[in-house]
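Colleague: Coordinates in structure19.cif, mmCIF, C-alpha atoms, are listed below.
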data_my_file
#
loop_
_atom_site.group_PDB
_atom_site.id
_atom_site.type_symbol
_atom_site.label_atom_id
_atom_site.label_comp_id
_atom_site.auth_asym_id
_atom_site.auth_seq_id
_atom_site.Cartn_x
_atom_site.Cartn_y
_atom_site.Cartn_z
ATOM 1 C CA MET A 1 31.203 12.094 -18.101
ATOM 2 C CA LYS A 2 30.197 15.772 -18.375
ATOM 3 C CA HIS A 3 26.829 14.699 -19.778
ATOM 4 C CA LEU A 4 26.264 12.388 -16.811
ATOM 5 C CA LEU A 5 27.222 15.118 -14.348
ATOM 6 C CA ASP A 6 24.868 17.600 -16.022
ATOM 7 C CA GLN A 7 22.065 15.065 -15.959
ATOM 8 C CA ALA A 8 22.700 14.334 -12.273
ATOM 9 C CA ARG A 9 22.679 18.068 -11.541
ATOM 10 C CA ARG A 10 19.351 18.540 -13.324
ATOM 11 C CA GLN A 11 17.836 15.605 -11.498
ATOM 12 C CA THR A 12 19.020 17.013 -8.160
ATOM 13 C CA VAL A 13 17.561 20.424 -8.977
ATOM 14 C CA ASN A 14 14.252 18.887 -10.037
ATOM 15 C CA LEU A 15 14.120 16.755 -6.885
ATOM 16 C CA THR A 16 14.797 19.760 -4.679
ATOM 17 C CA ARG A 17 12.209 21.823 -6.534
ATOM 18 C CA SER A 18 9.602 19.060 -6.178
ATOM 19 C CA LEU A 19 9.989 19.333 -2.396
ATOM 20 C CA TRP A 20 10.646 23.015 -1.773
ATOM 21 C CA SER A 21 8.543 24.533 -4.577
ATOM 22 C CA PRO A 22 6.030 21.767 -5.244
ATOM 23 C CA THR A 23 3.038 21.767 -7.535
ATOM 24 C CA ALA A 24 0.011 19.502 -7.398
ATOM 25 C CA ALA A 25 1.674 17.393 -10.088
ATOM 26 C CA THR A 26 4.908 16.891 -8.140
ATOM 27 C CA LEU A 27 2.972 16.137 -4.961
ATOM 28 C CA ARG A 28 0.978 13.601 -6.930
ATOM 29 C CA ARG A 29 4.210 11.948 -8.058
ATOM 30 C CA TRP A 30 5.444 11.701 -4.470
ATOM 31 C CA ALA A 31 2.101 10.185 -3.451
ATOM 32 C CA LEU A 32 2.453 7.598 -6.221
ATOM 33 C CA VAL A 33 5.960 6.751 -5.014
ATOM 34 C CA ALA A 34 4.512 6.353 -1.518
ATOM 35 C CA VAL A 35 1.927 3.889 -2.833
ATOM 36 C CA VAL A 36 4.685 1.875 -4.512
ATOM 37 C CA VAL A 37 7.060 1.726 -1.529
ATOM 38 C CA ASN A 38 4.288 0.859 0.934
ATOM 39 C CA ALA A 39 3.040 -1.908 -1.341
ATOM 40 C CA GLY A 40 6.616 -3.055 -1.831
ATOM 41 C CA ILE A 41 7.372 -3.387 1.861
ATOM 42 C CA THR A 42 4.356 -5.656 2.305
ATOM 43 C CA VAL A 43 5.940 -7.993 -0.241
ATOM 44 C CA THR A 44 9.387 -7.853 1.375
ATOM 45 C CA GLY A 45 7.689 -8.517 4.723
ATOM 46 C CA ALA A 46 6.174 -11.661 3.209
ATOM 47 C CA ALA A 47 9.640 -12.618 1.931
ATOM 48 C CA VAL A 48 10.946 -12.343 5.490
ATOM 49 C CA ARG A 49 8.224 -14.700 6.671
ATOM 50 C CA VAL A 50 8.470 -17.364 3.947
ATOM 51 C CA SER A 51 12.285 -17.424 4.205
ATOM 52 C CA LYS A 52 11.982 -18.155 7.947
ATOM 53 C CA SER A 53 13.834 -14.920 8.700
ATOM 54 C CA GLY A 54 11.215 -13.414 11.017
ATOM 55 C CA LEU A 55 13.581 -13.631 13.973
ATOM 56 C CA GLY A 56 16.736 -13.081 11.929
ATOM 57 C CA CYS A 57 17.192 -10.093 14.216
ATOM 58 C CA PRO A 58 16.009 -11.599 17.520
ATOM 59 C CA THR A 59 15.659 -8.280 19.362
ATOM 60 C CA TRP A 60 14.251 -4.812 18.707
ATOM 61 C CA PRO A 61 15.253 -2.024 18.151
ATOM 62 C CA ARG A 62 18.686 -3.666 18.076
ATOM 63 C CA CYS A 63 19.330 -6.480 15.620
ATOM 64 C CA THR A 64 21.141 -8.485 18.298
ATOM 65 C CA PRO A 65 21.341 -7.834 22.037
ATOM 66 C CA ASP A 66 24.684 -6.062 21.542
ATOM 67 C CA SER A 67 24.391 -4.386 18.139
ATOM 68 C CA PHE A 68 22.032 -2.359 15.955
ATOM 69 C CA VAL A 69 23.547 -4.000 12.854
ATOM 70 C CA PRO A 70 23.941 -7.705 12.068
ATOM 71 C CA ILE A 71 26.906 -9.419 13.681
ATOM 72 C CA ALA A 72 27.826 -13.103 13.894
ATOM 73 C CA HIS A 73 25.359 -14.984 16.057
ATOM 74 C CA GLY A 74 25.807 -18.685 16.671
ATOM 75 C CA GLU A 75 22.126 -19.580 16.670
ATOM 76 C CA ILE A 76 21.011 -17.536 13.633
ATOM 77 C CA SER A 77 21.849 -17.996 9.969
ATOM 78 C CA PRO A 78 23.644 -14.975 8.432
ATOM 79 C CA ILE A 79 21.225 -15.145 5.513
ATOM 80 C CA ASN A 80 18.171 -14.956 7.778
ATOM 81 C CA MET A 81 19.757 -12.068 9.658
ATOM 82 C CA ALA A 82 20.523 -10.203 6.423
ATOM 83 C CA VAL A 83 16.978 -10.683 5.116
ATOM 84 C CA GLU A 84 15.342 -9.362 8.284
ATOM 85 C CA PHE A 85 17.793 -6.481 8.700
ATOM 86 C CA GLY A 86 17.338 -5.526 5.040
ATOM 87 C CA ASN A 87 13.602 -5.331 5.537
ATOM 88 C CA ARG A 88 14.109 -3.104 8.580
ATOM 89 C CA LEU A 89 16.274 -0.787 6.499
ATOM 90 C CA LEU A 90 13.505 -0.484 3.908
ATOM 91 C CA THR A 91 11.382 1.111 6.623
ATOM 92 C CA PHE A 92 13.672 4.150 6.454
ATOM 93 C CA LEU A 93 13.043 4.409 2.701
ATOM 94 C CA VAL A 94 9.281 4.353 3.314
ATOM 95 C CA LEU A 95 9.714 6.969 6.056
ATOM 96 C CA ALA A 96 11.813 9.185 3.758
ATOM 97 C CA VAL A 97 9.136 9.065 1.064
ATOM 98 C CA GLY A 98 6.455 9.821 3.650
ATOM 99 C CA LEU A 99 8.412 12.852 4.879
ATOM 100 C CA ALA A 100 8.855 13.989 1.275
ATOM 101 C CA CYS A 101 5.074 13.839 0.788
ATOM 102 C CA LEU A 102 4.568 15.831 3.983
ATOM 103 C CA LEU A 103 7.102 18.502 3.012
ATOM 104 C CA ALA A 104 5.597 18.824 -0.459
ATOM 105 C CA ALA A 105 2.069 19.094 0.980
ATOM 106 C CA VAL A 106 3.134 21.741 3.513
ATOM 107 C CA ARG A 107 5.024 23.793 0.908
ATOM 108 C CA LEU A 108 2.290 23.569 -1.742
ATOM 109 C CA LEU A 109 0.674 26.910 -2.588
ATOM 110 C CA PRO A 110 -2.108 27.567 -2.034
ATOM 111 C CA ARG A 111 -2.069 25.503 1.154
ATOM 112 C CA ARG A 112 -4.625 22.669 1.152
ATOM 113 C CA ARG A 113 -5.328 21.436 4.653
ATOM 114 C CA ASP A 114 -6.799 18.095 3.631
ATOM 115 C CA LEU A 115 -3.631 17.226 1.689
ATOM 116 C CA VAL A 116 -1.477 18.174 4.672
ATOM 117 C CA ARG A 117 -3.584 15.960 6.959
ATOM 118 C CA LEU A 118 -3.333 13.026 4.546
ATOM 119 C CA ALA A 119 0.409 13.558 4.207
ATOM 120 C CA TRP A 120 0.874 13.621 8.001
ATOM 121 C CA LEU A 121 -0.627 10.123 8.164
ATOM 122 C CA GLN A 122 2.373 8.704 6.357
ATOM 123 C CA PRO A 123 5.301 9.482 8.696
ATOM 124 C CA ILE A 124 3.016 8.897 11.681
ATOM 125 C CA GLY A 125 1.903 5.578 10.220
ATOM 126 C CA VAL A 126 5.445 4.492 9.406
ATOM 127 C CA ALA A 127 6.542 5.320 12.955
ATOM 128 C CA ALA A 128 3.617 3.308 14.336
ATOM 129 C CA GLN A 129 4.505 0.481 11.977
ATOM 130 C CA GLY A 130 8.105 0.489 13.192
ATOM 131 C CA LEU A 131 7.041 0.408 16.840
ATOM 132 C CA TRP A 132 4.585 -2.376 16.082
ATOM 133 C CA GLY A 133 7.455 -4.273 14.485
ATOM 134 C CA GLY A 134 9.052 -4.315 17.908
ATOM 135 C CA VAL A 135 5.860 -5.836 19.319
ATOM 136 C CA VAL A 136 6.007 -8.504 16.602
ATOM 137 C CA VAL A 137 9.574 -9.455 17.533
ATOM 138 C CA HIS A 138 8.985 -9.433 21.281
ATOM 139 C CA SER A 139 5.845 -11.559 20.839
ATOM 140 C CA VAL A 140 7.966 -14.124 18.955
ATOM 141 C CA LEU A 141 5.930 -13.623 15.768
ATOM 142 C CA ASN A 142 2.538 -14.120 17.328
ATOM 143 C CA PRO A 143 0.166 -14.445 14.327
ATOM 144 C CA PHE A 144 -2.105 -11.661 15.611
ATOM 145 C CA THR A 145 0.772 -9.174 15.795
ATOM 146 C CA VAL A 146 2.108 -10.283 12.396
ATOM 147 C CA GLY A 147 -1.336 -9.873 10.843
ATOM 148 C CA MET A 148 -1.741 -6.401 12.334
ATOM 149 C CA HIS A 149 1.654 -5.505 10.867
ATOM 150 C CA PHE A 150 0.237 -6.198 7.403
ATOM 151 C CA LEU A 151 -3.057 -4.430 8.072
ATOM 152 C CA ILE A 152 -1.255 -1.271 9.223
ATOM 153 C CA SER A 153 0.457 -1.239 5.829
ATOM 154 C CA ILE A 154 -2.944 -1.611 4.177
ATOM 155 C CA GLY A 155 -4.117 1.471 6.076
ATOM 156 C CA LEU A 156 -1.017 3.397 4.996
ATOM 157 C CA ILE A 157 -1.634 2.432 1.375
ATOM 158 C CA ALA A 158 -5.187 3.778 1.669
ATOM 159 C CA ALA A 159 -3.820 7.113 2.917
ATOM 160 C CA CYS A 160 -1.330 7.236 0.035
ATOM 161 C CA VAL A 161 -4.010 6.476 -2.570
ATOM 162 C CA ALA A 162 -6.256 9.151 -1.052
ATOM 163 C CA LEU A 163 -3.414 11.693 -1.198
ATOM 164 C CA TYR A 164 -2.784 10.802 -4.833
ATOM 165 C CA ALA A 165 -6.453 11.105 -5.761
ATOM 166 C CA ARG A 166 -7.054 14.354 -3.855
ATOM 167 C CA SER A 167 -3.979 16.035 -5.367
ATOM 168 C CA ARG A 168 -5.560 15.616 -8.813
ATOM 169 C CA GLU A 169 -8.761 17.486 -7.992
ATOM 170 C CA GLY A 170 -10.056 20.650 -6.382
ATOM 171 C CA ASP A 171 -11.692 21.349 -3.038
ATOM 172 C CA ALA A 172 -15.335 21.632 -4.070
ATOM 173 C CA ALA A 173 -17.981 19.549 -2.329
ATOM 174 C CA PRO A 174 -17.940 15.918 -3.509
ATOM 175 C CA GLU A 175 -20.207 15.334 -6.499
ATOM 176 C CA ARG A 176 -21.350 11.897 -7.596
ATOM 177 C CA LEU A 177 -20.555 10.854 -11.163
ATOM 178 C CA VAL A 178 -22.769 7.772 -10.926
ATOM 179 C CA ARG A 179 -26.145 6.932 -9.492
ATOM 180 C CA ARG A 180 -26.452 6.873 -5.709
ATOM 181 C CA ASP A 181 -27.135 3.127 -5.523
ATOM 182 C CA ILE A 182 -24.053 2.402 -7.649
ATOM 183 C CA ARG A 183 -21.962 4.577 -5.350
ATOM 184 C CA THR A 184 -23.338 2.631 -2.391
ATOM 185 C CA LEU A 185 -22.426 -0.615 -4.132
ATOM 186 C CA GLY A 186 -18.871 0.697 -4.401
ATOM 187 C CA TYR A 187 -18.764 1.278 -0.648
ATOM 188 C CA VAL A 188 -20.110 -2.236 -0.015
ATOM 189 C CA LEU A 189 -17.427 -3.638 -2.306
ATOM 190 C CA THR A 190 -14.727 -1.742 -0.408
ATOM 191 C CA ALA A 191 -15.979 -3.161 2.898
ATOM 192 C CA ALA A 192 -16.041 -6.663 1.394
ATOM 193 C CA VAL A 193 -12.445 -6.306 0.201
ATOM 194 C CA ALA A 194 -11.424 -5.179 3.699
ATOM 195 C CA VAL A 195 -13.090 -8.315 5.122
ATOM 196 C CA LEU A 196 -11.266 -10.365 2.490
ATOM 197 C CA LEU A 197 -7.913 -8.953 3.593
ATOM 198 C CA VAL A 198 -8.651 -9.797 7.222
ATOM 199 C CA ALA A 199 -9.717 -13.314 6.212
ATOM 200 C CA GLY A 200 -6.464 -13.670 4.297
ATOM 201 C CA VAL A 201 -4.537 -12.627 7.395
ATOM 202 C CA VAL A 202 -6.290 -15.360 9.392
ATOM 203 C CA VAL A 203 -5.459 -17.973 6.747
ATOM 204 C CA THR A 204 -1.842 -16.824 6.728
ATOM 205 C CA GLY A 205 -1.668 -16.951 10.525
ATOM 206 C CA THR A 206 -2.998 -20.514 10.444
ATOM 207 C CA GLY A 207 -0.868 -21.763 7.559
ATOM 208 C CA PRO A 208 2.666 -23.165 7.415
ATOM 209 C CA HIS A 209 4.765 -20.025 6.835
ATOM 210 C CA SER A 210 5.197 -18.679 10.355
ATOM 211 C CA GLY A 211 8.521 -16.902 9.862
ATOM 212 C CA ASP A 212 10.404 -18.995 12.423
ATOM 213 C CA GLU A 213 10.190 -22.412 14.063
ATOM 214 C CA MET A 214 9.508 -20.749 17.431
ATOM 215 C CA ALA A 215 6.477 -18.824 16.160
ATOM 216 C CA SER A 216 2.968 -19.847 17.180
ATOM 217 C CA ARG A 217 -0.041 -20.307 14.869
ATOM 218 C CA PHE A 218 -3.759 -19.611 15.145
ATOM 219 C CA PRO A 219 -5.509 -22.727 16.513
ATOM 220 C CA PHE A 220 -7.891 -22.986 13.540
ATOM 221 C CA ASP A 221 -8.451 -25.730 10.985
ATOM 222 C CA ILE A 222 -6.631 -24.563 7.853
ATOM 223 C CA GLU A 223 -9.223 -26.238 5.594
ATOM 224 C CA VAL A 224 -12.068 -24.361 7.275
ATOM 225 C CA VAL A 225 -10.445 -20.914 7.218
ATOM 226 C CA ALA A 226 -9.302 -21.431 3.621
ATOM 227 C CA ARG A 227 -12.884 -22.219 2.572
ATOM 228 C CA ILE A 228 -14.193 -19.150 4.401
ATOM 229 C CA HIS A 229 -11.573 -17.064 2.642
ATOM 230 C CA ALA A 230 -12.623 -18.537 -0.714
ATOM 231 C CA ASP A 231 -16.282 -17.753 0.034
ATOM 232 C CA VAL A 232 -15.412 -14.110 0.680
ATOM 233 C CA VAL A 233 -13.483 -14.088 -2.609
ATOM 234 C CA TYR A 234 -16.639 -15.204 -4.433
ATOM 235 C CA VAL A 235 -18.593 -12.389 -2.778
ATOM 236 C CA VAL A 236 -15.973 -9.790 -3.752
ATOM 237 C CA VAL A 237 -15.776 -10.975 -7.360
ATOM 238 C CA GLY A 238 -19.570 -11.061 -7.589
ATOM 239 C CA LEU A 239 -19.880 -7.524 -6.236
ATOM 240 C CA THR A 240 -17.181 -6.325 -8.636
ATOM 241 C CA PHE A 241 -18.954 -7.880 -11.612
ATOM 242 C CA ALA A 242 -22.243 -6.340 -10.506
ATOM 243 C CA LEU A 243 -20.588 -2.938 -10.146
ATOM 244 C CA LEU A 244 -18.970 -3.173 -13.573
ATOM 245 C CA PHE A 245 -22.280 -4.209 -15.149
ATOM 246 C CA ALA A 246 -24.127 -1.353 -13.436
ATOM 247 C CA LEU A 247 -21.530 1.178 -14.552
ATOM 248 C CA ARG A 248 -21.791 0.044 -18.158
ATOM 249 C CA VAL A 249 -25.588 -0.078 -18.446
ATOM 250 C CA THR A 250 -25.999 3.350 -16.838
ATOM 251 C CA GLY A 251 -23.410 5.022 -19.059
ATOM 252 C CA ALA A 252 -21.055 5.902 -16.213
ATOM 253 C CA PRO A 253 -17.882 7.871 -17.055
ATOM 254 C CA ALA A 254 -15.203 5.879 -18.845
ATOM 255 C CA PRO A 255 -12.590 6.241 -16.040
ATOM 256 C CA ALA A 256 -14.958 4.565 -13.568
ATOM 257 C CA ARG A 257 -15.698 1.723 -15.989
ATOM 258 C CA ARG A 258 -12.011 1.192 -16.717
ATOM 259 C CA ALA A 259 -11.164 1.196 -13.002
ATOM 260 C CA ALA A 260 -13.827 -1.459 -12.301
ATOM 261 C CA LEU A 261 -12.659 -3.589 -15.235
ATOM 262 C CA THR A 262 -9.055 -3.374 -14.032
ATOM 263 C CA LEU A 263 -10.148 -4.394 -10.542
ATOM 264 C CA LEU A 264 -12.005 -7.433 -11.885
ATOM 265 C CA ALA A 265 -8.958 -8.507 -13.922
ATOM 266 C CA VAL A 266 -6.656 -8.181 -10.888
ATOM 267 C CA GLU A 267 -9.118 -10.156 -8.727
ATOM 268 C CA LEU A 268 -9.284 -12.984 -11.260
ATOM 269 C CA ALA A 269 -5.486 -13.138 -11.498
ATOM 270 C CA GLN A 270 -5.274 -13.116 -7.697
ATOM 271 C CA GLY A 271 -7.833 -15.917 -7.502
ATOM 272 C CA ILE A 272 -5.810 -18.060 -9.896
ATOM 273 C CA ILE A 273 -2.670 -17.511 -7.817
ATOM 274 C CA GLY A 274 -4.578 -18.397 -4.655
ATOM 275 C CA TYR A 275 -5.908 -21.682 -6.020
ATOM 276 C CA VAL A 276 -2.549 -22.680 -7.503
ATOM 277 C CA GLN A 277 -0.701 -22.020 -4.247
ATOM 278 C CA TYR A 278 -3.340 -23.992 -2.303
ATOM 279 C CA PHE A 279 -3.052 -27.058 -4.525
ATOM 280 C CA LEU A 280 0.758 -26.827 -4.612
ATOM 281 C CA ALA A 281 0.953 -26.799 -0.783
ATOM 282 C CA VAL A 282 1.650 -23.050 -0.494
ATOM 283 C CA PRO A 283 5.102 -22.615 -2.104
ATOM 284 C CA ALA A 284 7.047 -19.625 -0.826
ATOM 285 C CA PHE A 285 7.265 -17.755 -4.147
ATOM 286 C CA LEU A 286 3.516 -17.848 -4.706
ATOM 287 C CA VAL A 287 2.906 -16.600 -1.156
ATOM 288 C CA GLY A 288 4.882 -13.451 -1.953
ATOM 289 C CA LEU A 289 3.039 -13.066 -5.253
ATOM 290 C CA HIS A 290 -0.287 -13.496 -3.469
ATOM 291 C CA VAL A 291 0.598 -10.772 -0.970
ATOM 292 C CA LEU A 292 1.457 -8.453 -3.866
ATOM 293 C CA GLY A 293 -1.881 -9.344 -5.453
ATOM 294 C CA SER A 294 -3.768 -8.522 -2.269
ATOM 295 C CA THR A 295 -2.239 -5.040 -2.132
ATOM 296 C CA LEU A 296 -3.082 -4.501 -5.808
ATOM 297 C CA VAL A 297 -6.689 -5.561 -5.211
ATOM 298 C CA TRP A 298 -6.911 -3.019 -2.386
ATOM 299 C CA ILE A 299 -5.351 -0.233 -4.458
ATOM 300 C CA CYS A 300 -7.615 -0.955 -7.429
ATOM 301 C CA THR A 301 -10.675 -1.025 -5.175
ATOM 302 C CA LEU A 302 -9.864 2.412 -3.783
ATOM 303 C CA ARG A 303 -9.251 3.649 -7.319
ATOM 304 C CA VAL A 304 -12.783 2.587 -8.288
ATOM 305 C CA VAL A 305 -14.285 4.455 -5.343
ATOM 306 C CA PHE A 306 -12.448 7.689 -6.170
ATOM 307 C CA ALA A 307 -13.352 7.364 -9.868
ATOM 308 C CA MET A 308 -17.077 7.483 -9.057
ATOM 309 C CA ARG A 309 -17.032 11.010 -7.696
ATOM 310 C CA THR A 310 -15.343 14.347 -8.304
ATOM 311 C CA ARG A 311 -14.490 17.419 -6.294
ATOM 312 C CA GLY A 312 -14.059 19.741 -9.239
ATOM 313 C CA PRO A 313 -10.962 20.869 -11.104
ATOM 314 C CA LEU A 314 -7.868 22.354 -9.514
ATOM 315 C CA ASP A 315 -8.109 26.087 -8.933
ATOM 316 C CA ALA A 316 -6.464 28.431 -11.422
ATOM 317 C CA GLN A 317 -3.313 29.088 -9.359
ATOM 318 C CA THR A 318 -2.644 25.400 -8.715
ATOM 319 C CA ALA A 319 -3.351 24.492 -12.337
ATOM 320 C CA ARG A 320 -0.938 27.212 -13.487
ATOM 321 C CA GLY A 321 1.737 25.733 -11.224
ATOM 322 C CA ASP A 322 1.163 22.351 -12.847
ATOM 323 C CA ARG A 323 1.606 23.837 -16.310
ATOM 324 C CA LEU A 324 4.848 25.505 -15.280
ATOM 325 C CA ASP A 325 6.035 22.239 -13.750
ATOM 326 C CA SER A 326 5.610 20.526 -17.110
ATOM 327 C CA VAL A 327 8.138 22.928 -18.721
ATOM 328 C CA PRO A 328 11.692 21.439 -18.679
ATOM 329 C CA ALA A 329 14.236 23.268 -16.542
#
Rewrite the structure of this file - the entire thing - as structure tokens.

Modeller:
Amino acid sequence: MKHLLDQARRQTVNLTRSLWSPTAATLRRWALVAVVVNAGITVTGAAVRVSKSGLGCPTWPRCTPDSFVPIAHGEISPINMAVEFGNRLLTFLVLAVGLACLLAAVRLLPRRRDLVRLAWLQPIGVAAQGLWGGVVVHSVLNPFTVGMHFLISIGLIAACVALYARSREGDAAPERLVRRDIRTLGYVLTAAVAVLLVAGVVVTGTGPHSGDEMASRFPFDIEVVARIHADVVYVVVGLTFALLFALRVTGAPAPARRAALTLLAVELAQGIIGYVQYFLAVPAFLVGLHVLGSTLVWICTLRVVFAMRTRGPLDAQTARGDRLDSVPA
């Protein structure tokens, strides 16, 4: 028991130190946690939808007209209510991590304004996401509002990945590590992946998993939008292969090549999931897995972009703080 108490004490001290006396390394860890929780809540949001729990809490910000927490409601299944309320509670976890990133960025010495700005995007984004959740509920799960809910999370993930990447490097002017045309190809790929995510949102808003029987759907032909989505997938995979080939033949740095190879592997796995779920009539489990895959594709795409340029090493004071942080307390 004493060993467990000592371990808990050390963990508490380390957690407090990571917030109040942060280093670039501890800030980077918080940014990584932020990436994970923001990706995770996109998956739990999909679980809410495929379990038909989208209106498990029929009002917002209350769960029911008379209570902020779930209470017996004759027209709503307790399971659906628990699923939706649980997802709402996860928002507070995402907010807590975002605030931790902000505190660490503000307390980091020397102060780096770009990290503080990136960190501010997280609590602001989570607050906007929560307010937009109210719009989703009051619109009775209109597919446009539901799709925007997902895309806001995609934007938050981009901010988290940027914070993670910037905390690993200095503040020098950006310097390309690859040829200019390859860098441009990376930007084109990023834009194509963004289009792919939007196309996926349209397919989702047209498909069968609306989140509730009362929810509306986009008035599109599901076969047509699914084919358009597949066409964009082919473009993204083709651009990724071209980027990987260009990186290899030009002798680009190994981290950039590995990032592109990882992205291609994730895209191929995501494509397999997409085709299987289409031919199996979109089973709920595969929908959640496909949403997870889409967030991973986005994260890996951003990782490729950051791997193709550098802003120099951390300055001496920040690097020294990182070395001290690596010494056990």

Colleague: Please write the residues picked by the PyMOL selection byres ((chain A and resi 65-81) around 9) on this file as a list in words.

Modeller: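 Checked against the file, the PyMOL selection byres ((chain A and resi 65-81) around 9) matches Val48, Ser51, Lys52, Ser53, Gly54, Leu55, Gly56, Cys57, Pro58, Thr59, Trp60, Pro61, Arg62, Cys63, Thr64, Ala82, Val83, Glu84, Phe85 and Gly86 of chain A.
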
Colleague: Need to verify the contact set: Gly238 in chain A, 12 Å, all atoms listed in the file, exclusion of same-chain residues closer than 2 positions in sequence. Can you return it as a tab-separated table (two decimals) with C-alpha atoms, keeping the file's coordinate frame?

Modeller:
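Okay, selection.tsv is ready:
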chain	number	residue	atom	x	y	z
A	185	LEU	CA	-22.43	-0.62	-4.13
A	188	VAL	CA	-20.11	-2.24	-0.02
A	189	LEU	CA	-17.43	-3.64	-2.31
A	192	ALA	CA	-16.04	-6.66	1.39
A	193	VAL	CA	-12.44	-6.31	0.20
A	231	ASP	CA	-16.28	-17.75	0.03
A	232	VAL	CA	-15.41	-14.11	0.68
A	233	VAL	CA	-13.48	-14.09	-2.61
A	234	TYR	CA	-16.64	-15.20	-4.43
A	235	VAL	CA	-18.59	-12.39	-2.78
A	236	VAL	CA	-15.97	-9.79	-3.75
A	240	THR	CA	-17.18	-6.32	-8.64
A	241	PHE	CA	-18.95	-7.88	-11.61
A	242	ALA	CA	-22.24	-6.34	-10.51
A	243	LEU	CA	-20.59	-2.94	-10.15
A	244	LEU	CA	-18.97	-3.17	-13.57
A	245	PHE	CA	-22.28	-4.21	-15.15
A	263	LEU	CA	-10.15	-4.39	-10.54
A	264	LEU	CA	-12.00	-7.43	-11.88
A	267	GLU	CA	-9.12	-10.16	-8.73
A	268	LEU	CA	-9.28	-12.98	-11.26

Colleague: Restricting the calculation to all atoms listed in the file: of A:Leu115, A:Val37, A:Val195, A:Leu286, which residue gets closest to Arg168 in chain A?

Modeller: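 Of the candidates, the smallest distance to Arg168 in chain A is held by A:Leu115.
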
Colleague: In Å to one decimal, how far is CA of Ala105 in chain A from CA of Ala159 in chain A?

Modeller: 13.5 Å

Colleague: Within 7 Å of Leu163 in chain A, counting only C-alpha atoms, which residues qualify if same-chain residues fewer than 3 places away don't, as JSON, numbers by chain?

Modeller: {"A": [31, 115, 118, 119, 159, 160, 166, 167]}

Colleague: When the PyMOL selection byres ((chain A and resi 274) around 12) is applied to the structure above, which residues does it catch, written out as number ranges by chain?

Modeller: A: 200, 203-204, 226-227, 229-230, 233, 267-273, 275-283, 285-294

Colleague: Using the chain letters and numbers from the file, give me the residues hit by the PyMOL selection byres ((chain A and resi 170-184) around 6), as a list of chain:residue names.

Modeller: A:Glu169, A:Leu185, A:Gly186, A:Tyr187, A:Ala252, A:Met308, A:Arg309, A:Thr310, A:Arg311, A:Gly312, A:Pro313, A:Leu314

Colleague: One number please: CA of Asn14 in chain A to CA of Ala34 in chain A, in Å, one decimal.

Modeller: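 Computing it gives 18.0 Å between the two atoms.
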
Colleague: So the first atom is CA of Thr295 in chain A and the second is CA of Val43 in chain A; what is the distance between them in Å, to one decimal place?

Modeller: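 Value for the CA of Thr295 in chain A-CA of Val43 in chain A distance: 8.9 Å.
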
Colleague: Rank A:Arg112, A:Thr250, A:Val35, A:Cys101 by their smallest atom-to-atom distance to Cys300 in chain A, using only C-alpha atoms, and report the top residue only.

Modeller: A:Val35

Colleague: Return as JSON the centre and edge lengths, in Å with one decimal, of the box along x, y and z that encloses every atom of range 21-30 of chain A in the file, padded by 8 Å per side.

Modeller:
{"center_x": 4.3, "center_y": 18.1, "center_z": -7.3, "size_x": 24.5, "size_y": 28.8, "size_z": 21.6}

Colleague: Excluding Val146 in chain A and its own-chain neighbours fewer than 5 positions away, which residues fall within 12 Å of it when counting only C-alpha atoms? Please give them as a PDB file with C-alpha atoms, in the frame of the given file.

Modeller:
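Heads up, here's the output in around.pdb:
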ATOM      1  CA  THR A  42       4.356  -5.656   2.305  1.00  0.00           C
ATOM      2  CA  GLY A  45       7.689  -8.517   4.723  1.00  0.00           C
ATOM      3  CA  ALA A  46       6.174 -11.661   3.209  1.00  0.00           C
ATOM      4  CA  VAL A  48      10.946 -12.343   5.490  1.00  0.00           C
ATOM      5  CA  ARG A  49       8.224 -14.700   6.671  1.00  0.00           C
ATOM      6  CA  GLY A  54      11.215 -13.414  11.017  1.00  0.00           C
ATOM      7  CA  GLN A 129       4.505   0.481  11.977  1.00  0.00           C
ATOM      8  CA  TRP A 132       4.585  -2.376  16.082  1.00  0.00           C
ATOM      9  CA  GLY A 133       7.455  -4.273  14.485  1.00  0.00           C
ATOM     10  CA  GLY A 134       9.052  -4.315  17.908  1.00  0.00           C
ATOM     11  CA  VAL A 135       5.860  -5.836  19.319  1.00  0.00           C
ATOM     12  CA  VAL A 136       6.007  -8.504  16.602  1.00  0.00           C
ATOM     13  CA  VAL A 137       9.574  -9.455  17.533  1.00  0.00           C
ATOM     14  CA  HIS A 138       8.985  -9.433  21.281  1.00  0.00           C
ATOM     15  CA  SER A 139       5.845 -11.559  20.839  1.00  0.00           C
ATOM     16  CA  VAL A 140       7.966 -14.124  18.955  1.00  0.00           C
ATOM     17  CA  LEU A 141       5.930 -13.623  15.768  1.00  0.00           C
ATOM     18  CA  LEU A 151      -3.057  -4.430   8.072  1.00  0.00           C
ATOM     19  CA  ILE A 152      -1.255  -1.271   9.223  1.00  0.00           C
ATOM     20  CA  SER A 153       0.457  -1.239   5.829  1.00  0.00           C
ATOM     21  CA  VAL A 198      -8.651  -9.797   7.222  1.00  0.00           C
ATOM     22  CA  VAL A 201      -4.537 -12.627   7.395  1.00  0.00           C
ATOM     23  CA  VAL A 202      -6.290 -15.360   9.392  1.00  0.00           C
ATOM     24  CA  THR A 204      -1.842 -16.824   6.728  1.00  0.00           C
ATOM     25  CA  GLY A 205      -1.668 -16.951  10.525  1.00  0.00           C
ATOM     26  CA  THR A 206      -2.998 -20.514  10.444  1.00  0.00           C
ATOM     27  CA  HIS A 209       4.765 -20.025   6.835  1.00  0.00           C
ATOM     28  CA  SER A 210       5.197 -18.679  10.355  1.00  0.00           C
ATOM     29  CA  GLY A 211       8.521 -16.902   9.862  1.00  0.00           C
ATOM     30  CA  ALA A 215       6.477 -18.824  16.160  1.00  0.00           C
ATOM     31  CA  SER A 216       2.968 -19.847  17.180  1.00  0.00           C
ATOM     32  CA  ARG A 217      -0.041 -20.307  14.869  1.00  0.00           C
ATOM     33  CA  PHE A 218      -3.759 -19.611  15.145  1.00  0.00           C
TER      34      PHE A 218
END
